[in-house]
Amino acid sequence: MEEKFGKTARVLYIVFYSIIIPVCLLFFVGIGALLIATSPDLLIMGVFLIVLGVGVGGASIGWLVYFIKMPQFVITYKDGKLNFRNKVECTPAELDSYQQKGFNLDGAIFGFGKLLITVKGQSYKFRYVYNVNEVIQRLYTIKLEYTMQQEIARRNAEAAQKVESGDDTVENNG
């Protein structure tokens with residue numbers, strides 16, 4: 001069974017940058033072109049606005065592509081393995097630590113933050129994660145369940161080994 005959790009805030013930013021791109025291009029480039037066309041004295045201001053509009057529009061396109069490529073979920077848990085969106089794979093036992101770090105004003109407003117994890121001594125950051133506290137709780141539960149399953153399997157293996165070697169047999173002389 002596959003479980004995905006740690007939803008990302010990608011849709012919010014895809015919508016935001018999809019709106020910002022045409023607004024920047026229309027507003028800044030349009031006003032800059034209007035200033036250049038109507039008043040030669042405002043040539044420098046017009047060129048500045050055009051460059052600003054193209055720069056902000058270009059940066060917005062870059063961020064839009066980043067959020068479009070971002071997977072919808074940070075973590076997938078399947079067959080006893082945790083798979084993170086940066087292609088890191090580990091068992092829950094190999095997960096050393098996990099914690100939350102706050103994320104700026106937009107994160108506080110919309111309820112997302114940064115998830116910091118450590119796997120085999122290597123630290124990783126995952127930004128734009130909704131309800132980071134719930135993700136941390138789920139990681140804790142998965143790690144606890146995995147540890148318990150491993151302990152049960154170990155005890156069952158020990159019991160089977162004892163039965164095979166004949167240590168548990170008791171003779172009754174009736």
# chains A, B, ... in the order shown; residues from 1 in each chain; ligands from 1
call {"tool": "residues_around", "arguments": {"residues": "Glu3 of chain A", "least_positions_apart": "5", "cutoff": "8 Å", "atoms": "only C-alpha atoms", "output": "VMD selection string"}}
result
chain A and resid 76 to 78
call {"tool": "write_last_selection", "arguments": {"atoms": "all heavy atoms", "output": "compact mmCIF listing (two decimals), in the first residue's frame"}}
result
# COMPACT_ATOMS: atom_id res chain seq x y z
N THR A 76 6.54 9.81 0.03
CA THR A 76 5.75 8.62 -0.32
C THR A 76 6.28 7.48 0.52
O THR A 76 7.48 7.23 0.57
CB THR A 76 5.91 8.28 -1.81
OG1 THR A 76 5.51 9.42 -2.58
CG2 THR A 76 5.05 7.10 -2.19
N TYR A 77 5.36 6.78 1.20
CA TYR A 77 5.74 5.63 2.03
C TYR A 77 5.15 4.39 1.40
O TYR A 77 3.94 4.25 1.27
CB TYR A 77 5.21 5.82 3.45
CG TYR A 77 5.60 4.71 4.40
CD1 TYR A 77 6.93 4.39 4.61
CD2 TYR A 77 4.64 4.00 5.09
CE1 TYR A 77 7.30 3.38 5.48
CE2 TYR A 77 4.99 2.99 5.97
CZ TYR A 77 6.32 2.69 6.17
OH TYR A 77 6.68 1.69 7.03
N LYS A 78 6.04 3.49 0.95
CA LYS A 78 5.59 2.28 0.26
C LYS A 78 6.56 1.14 0.57
O LYS A 78 7.77 1.33 0.48
CB LYS A 78 5.54 2.53 -1.25
CG LYS A 78 5.01 1.37 -2.05
CD LYS A 78 4.94 1.71 -3.52
CE LYS A 78 4.42 0.52 -4.30
NZ LYS A 78 4.39 0.77 -5.72
call {"tool": "select_by_dssp", "arguments": {"residues": "chain A", "states": "helix (DSSP H, G or I)", "output": "JSON, numbers by chain"}}
result
{"A": [10, 11, 12, 13, 14, 15, 16, 17, 18, 19, 20, 21, 22, 23, 24, 25, 26, 27, 28, 29, 30, 31, 32, 33, 34, 35, 36, 37, 38, 40, 41, 42, 43, 44, 45, 46, 47, 48, 49, 50, 51, 52, 53, 54, 55, 56, 57, 58, 59, 60, 61, 62, 63, 64, 65, 66, 67, 68, 69, 92, 93, 94, 104, 105, 106, 107, 108, 109, 110, 132, 133, 134, 135, 136, 137, 138, 139, 140, 141, 142, 143, 144, 145, 146, 147, 148, 149, 150, 151, 152, 153, 154, 155, 156, 157, 158, 159, 160, 161, 162, 163, 164, 165]}
call {"tool": "select_by_dssp", "arguments": {"residues": "segment 76-158 of chain A", "states": "strand (DSSP E)", "output": "PyMOL selection string"}}
result
chain A and resi 76-78+81-84+89-90+95-101+112-119+122-130
call {"tool": "write_last_selection", "arguments": {"atoms": "C-alpha atoms", "output": "PDB file, in the first residue's frame"}}
result
ATOM      1  CA  THR A  76       5.749   8.623  -0.317  1.00  0.00           C
ATOM      2  CA  TYR A  77       5.742   5.632   2.029  1.00  0.00           C
ATOM      3  CA  LYS A  78       5.589   2.280   0.262  1.00  0.00           C
ATOM      4  CA  LYS A  81      10.568   2.672   2.428  1.00  0.00           C
ATOM      5  CA  LEU A  82      10.263   6.448   2.659  1.00  0.00           C
ATOM      6  CA  ASN A  83      10.788   8.194  -0.682  1.00  0.00           C
ATOM      7  CA  PHE A  84      11.294  11.943  -0.584  1.00  0.00           C
ATOM      8  CA  GLU A  89      15.089   6.793  -0.154  1.00  0.00           C
ATOM      9  CA  CYS A  90      15.438   5.285   3.304  1.00  0.00           C
ATOM     10  CA  LEU A  95      15.561   8.566   9.530  1.00  0.00           C
ATOM     11  CA  ASP A  96      17.652  10.271  12.219  1.00  0.00           C
ATOM     12  CA  SER A  97      15.606  13.414  12.865  1.00  0.00           C
ATOM     13  CA  TYR A  98      12.809  15.552  11.503  1.00  0.00           C
ATOM     14  CA  GLN A  99      11.764  19.016  12.534  1.00  0.00           C
ATOM     15  CA  GLN A 100       9.879  22.085  11.421  1.00  0.00           C
ATOM     16  CA  LYS A 101      11.181  25.513  10.664  1.00  0.00           C
ATOM     17  CA  PHE A 112       2.984  25.939   5.168  1.00  0.00           C
ATOM     18  CA  GLY A 113       6.570  25.764   6.272  1.00  0.00           C
ATOM     19  CA  LYS A 114       9.903  24.054   5.909  1.00  0.00           C
ATOM     20  CA  LEU A 115      10.570  20.418   6.834  1.00  0.00           C
ATOM     21  CA  LEU A 116      14.132  19.590   7.886  1.00  0.00           C
ATOM     22  CA  ILE A 117      15.095  15.916   7.948  1.00  0.00           C
ATOM     23  CA  THR A 118      18.316  14.045   8.616  1.00  0.00           C
ATOM     24  CA  VAL A 119      18.912  10.668   6.955  1.00  0.00           C
ATOM     25  CA  GLN A 122      22.843  13.955   5.842  1.00  0.00           C
ATOM     26  CA  SER A 123      20.447  16.917   6.236  1.00  0.00           C
ATOM     27  CA  TYR A 124      17.763  17.857   3.709  1.00  0.00           C
ATOM     28  CA  LYS A 125      15.334  20.789   3.499  1.00  0.00           C
ATOM     29  CA  PHE A 126      11.893  20.653   1.952  1.00  0.00           C
ATOM     30  CA  ARG A 127      10.186  23.987   1.472  1.00  0.00           C
ATOM     31  CA  TYR A 128       6.542  24.824   0.834  1.00  0.00           C
ATOM     32  CA  VAL A 129       5.084  21.908   2.872  1.00  0.00           C
ATOM     33  CA  TYR A 130       1.530  22.303   4.188  1.00  0.00           C
TER      34      TYR A 130
END
call {"tool": "residues_around", "arguments": {"residues": "segment 67-71 of chain A", "least_positions_apart": "2", "cutoff": "8 Å", "atoms": "only C-alpha atoms", "output": "list in words"}}
result
Thr8, Arg10, Val11, Tyr13, Ile14, Trp63, Leu64, Val65, Phe73, Val74 and Arg85 of chain A
